[in-house]
Amino acid sequence: MTALLEVSGVSVTFDGFRAINNLSFSIGAQELRAIIGPNGAGKTTFMDIVTGKTRPDAGTVTFGERSISLLSLSEAEIARVGVGRKFQRPTVFEDQTVAENLTMALKAHRAPWRVLFWNEGPNDRAKVEELAQEVGLAEHLPRKAGELSHGQKQWLEIGMLLAQGPRLLLVDEPAAGMTLAEREHTTALLVEMAKTRAVVVVEHDMEFVRRLNCKVTVLHEGAVLAEGSLEHVTKNQQVIEVYLGRG
Ligand SMILES: Nc1ncnc2c1ncn2[C@@H]1O[C@H](COP(=O)(O)OP(=O)(O)OP(=O)(O)O)[C@@H](O)[C@H]1O
């Protein structure tokens, strides 16, 4: 599998504390990957580095066939080259409809001069419908986002991220606060999305990770402790000691 994201020898120190310690791993172009690990393992910091929010002290992070260095790009430029990030709390425009939220996300993706002269055309409407269909909100296009359930808001935000055409989507704890039915839908959505792009899911809920049925990277003290199938990593003695055994 060709790597889309390549993290190599990355370290970050906050006030003398090494939060990321010589971290190396890669993500394939059409891959679903779960990242797990105890609190403070460096999962959020890893996402902050990839999205340009935190700059590492050492190492390289490259993206795409041309191995663009993400470390030399701004947060906006990283988003533009195709890295999207879904935070834990949904951030949709509650007073706008589902269709309007998706339309705005499409607009935001365009070059500024095009937005100035932007008129909604049949192609945009078709694209909005396609996005709504993809995330399971086709029936909810005229509804205000504020009326949606927590899970539906999360899917809407995923749809808004998809509008920007990311090649890599980083998703932080998507299952948090969801009902069982919503979790099932979210699992199916993440699996489907990863057929055409890379999707990295940071998640604490092991049952949810099991359903994703994908390769798992276990982080501990800012480095990879184990990697492989969930079955493989959960048998690892060190993983049991630092993570699983604590519950
Ligand atoms: N801006 C910062 N300043 C100082 N320390 C920080 C900063 N950001 C993170 N850290 C520390 O770095 C370590 C890694 O934090 P990080 O949030 O990446 O872990 P995590 O794996 O995401 O944890 P959790 O599962 O609790 O979200 C922690 O010890 C944290 O306190």
# chains A, B, ... in the order shown; residues from 1 in each chain; ligands from 1
>>> closest_atom_pairs(of="chain A", to="ligand 1", cutoff="8 Å", atoms="only C-alpha atoms and all ligand atoms", output="JSON lines")
{"residue": "A:Thr13", "atom": "CA", "partner": "ligand 1", "partner_atom_place_in_ligand_line": "5 (N)", "distance": 7.9}
{"residue": "A:Phe14", "atom": "CA", "partner": "ligand 1", "partner_atom_place_in_ligand_line": "4 (C)", "distance": 4.7}
{"residue": "A:Asp15", "atom": "CA", "partner": "ligand 1", "partner_atom_place_in_ligand_line": "4 (C)", "distance": 6.4}
{"residue": "A:Phe17", "atom": "CA", "partner": "ligand 1", "partner_atom_place_in_ligand_line": "5 (N)", "distance": 7.1}
{"residue": "A:Arg18", "atom": "CA", "partner": "ligand 1", "partner_atom_place_in_ligand_line": "12 (O)", "distance": 7.2}
{"residue": "A:Ala19", "atom": "CA", "partner": "ligand 1", "partner_atom_place_in_ligand_line": "12 (O)", "distance": 4.2}
{"residue": "A:Ile20", "atom": "CA", "partner": "ligand 1", "partner_atom_place_in_ligand_line": "14 (C)", "distance": 7.2}
{"residue": "A:Ile36", "atom": "CA", "partner": "ligand 1", "partner_atom_place_in_ligand_line": "21 (O)", "distance": 7.8}
{"residue": "A:Gly37", "atom": "CA", "partner": "ligand 1", "partner_atom_place_in_ligand_line": "21 (O)", "distance": 6.2}
{"residue": "A:Pro38", "atom": "CA", "partner": "ligand 1", "partner_atom_place_in_ligand_line": "25 (O)", "distance": 5.7}
{"residue": "A:Asn39", "atom": "CA", "partner": "ligand 1", "partner_atom_place_in_ligand_line": "26 (O)", "distance": 3.5}
{"residue": "A:Gly40", "atom": "CA", "partner": "ligand 1", "partner_atom_place_in_ligand_line": "19 (O)", "distance": 3.3}
{"residue": "A:Ala41", "atom": "CA", "partner": "ligand 1", "partner_atom_place_in_ligand_line": "21 (O)", "distance": 3.7}
{"residue": "A:Gly42", "atom": "CA", "partner": "ligand 1", "partner_atom_place_in_ligand_line": "18 (O)", "distance": 3.2}
{"residue": "A:Lys43", "atom": "CA", "partner": "ligand 1", "partner_atom_place_in_ligand_line": "21 (O)", "distance": 3.7}
{"residue": "A:Thr44", "atom": "CA", "partner": "ligand 1", "partner_atom_place_in_ligand_line": "22 (O)", "distance": 3.6}
{"residue": "A:Thr45", "atom": "CA", "partner": "ligand 1", "partner_atom_place_in_ligand_line": "18 (O)", "distance": 3.7}
{"residue": "A:Phe46", "atom": "CA", "partner": "ligand 1", "partner_atom_place_in_ligand_line": "18 (O)", "distance": 6.4}
{"residue": "A:His204", "atom": "CA", "partner": "ligand 1", "partner_atom_place_in_ligand_line": "25 (O)", "distance": 7.3}
{"residue": "A:Leu219", "atom": "CA", "partner": "ligand 1", "partner_atom_place_in_ligand_line": "21 (O)", "distance": 7.4}
{"residue": "A:His220", "atom": "CA", "partner": "ligand 1", "partner_atom_place_in_ligand_line": "21 (O)", "distance": 7.8}
{"residue": "A:Glu221", "atom": "CA", "partner": "ligand 1", "partner_atom_place_in_ligand_line": "14 (C)", "distance": 7.5}
{"residue": "A:Gly222", "atom": "CA", "partner": "ligand 1", "partner_atom_place_in_ligand_line": "14 (C)", "distance": 7.0}
>>> select_by_dssp(residues="region 23-240 of chain A", states="strand (DSSP E)", output="MDAnalysis selection string")
chainID A and resid 23:28 32:36 58:63 68:69 83:86 168:172 198:202 215:220 223:228
>>> residues_around(residues="Asn101 (chain A)", least_positions_apart="3", cutoff="10 Å", atoms="only C-alpha atoms", output="ChimeraX atom specification")
/A:92-98,104-107,128,141,144-145,156-157,159-160
>>> residues_around(residues="Val209 (chain A)", least_positions_apart="3", cutoff="10 Å", atoms="only C-alpha atoms", output="list in words")
Arg33, Ala34, Ile35, Ile36, Ala175, Thr187, Val201, Val202, Glu203, His204, Asp205, Met206, Leu212, Asn213, Cys214, Lys215, Val216 and Leu230 of chain A
>>> atom_distance(atom1="CA of Val171 (chain A)", atom2="CA of Val10 (chain A)")
20.5 Å
>>> closest_residue(among="A:Gln164, A:Gln133, A:Ala181, A:Ala198", to="Ser149 (chain A)", atoms="only C-alpha atoms")
A:Ala181
>>> atom_distance(atom1="CA of Pro56 (chain A)", atom2="CA of Pro166 (chain A)")
23.0 Å
>>> closest_residue(among="A:Lys53, A:Pro90, A:Thr2, A:Ala58", to="Glu77 (chain A)", atoms="only C-alpha atoms")
A:Lys53
>>> residues_around(residues="Gln30 (chain A)", least_positions_apart="6", cutoff="7 Å", atoms="only C-alpha atoms", output="short mmCIF file (atom, residue, chain, number, x, y, z; two decimals) with C-alpha atoms, in the first residue's frame")
data_model
loop_
_atom_site.label_atom_id
_atom_site.label_comp_id
_atom_site.auth_asym_id
_atom_site.auth_seq_id
_atom_site.Cartn_x
_atom_site.Cartn_y
_atom_site.Cartn_z
CA ALA A 194 -12.21 5.11 3.85
CA LYS A 195 -12.82 3.34 0.53
CA THR A 196 -11.91 6.53 -1.33
CA ARG A 197 -9.67 8.37 1.16
CA ALA A 198 -7.68 7.86 4.33
#
>>> closest_residue(among="A:Val7, A:Val135, A:Ile27, A:Leu162", to="Leu70 (chain A)", atoms="only C-alpha atoms")
A:Val7
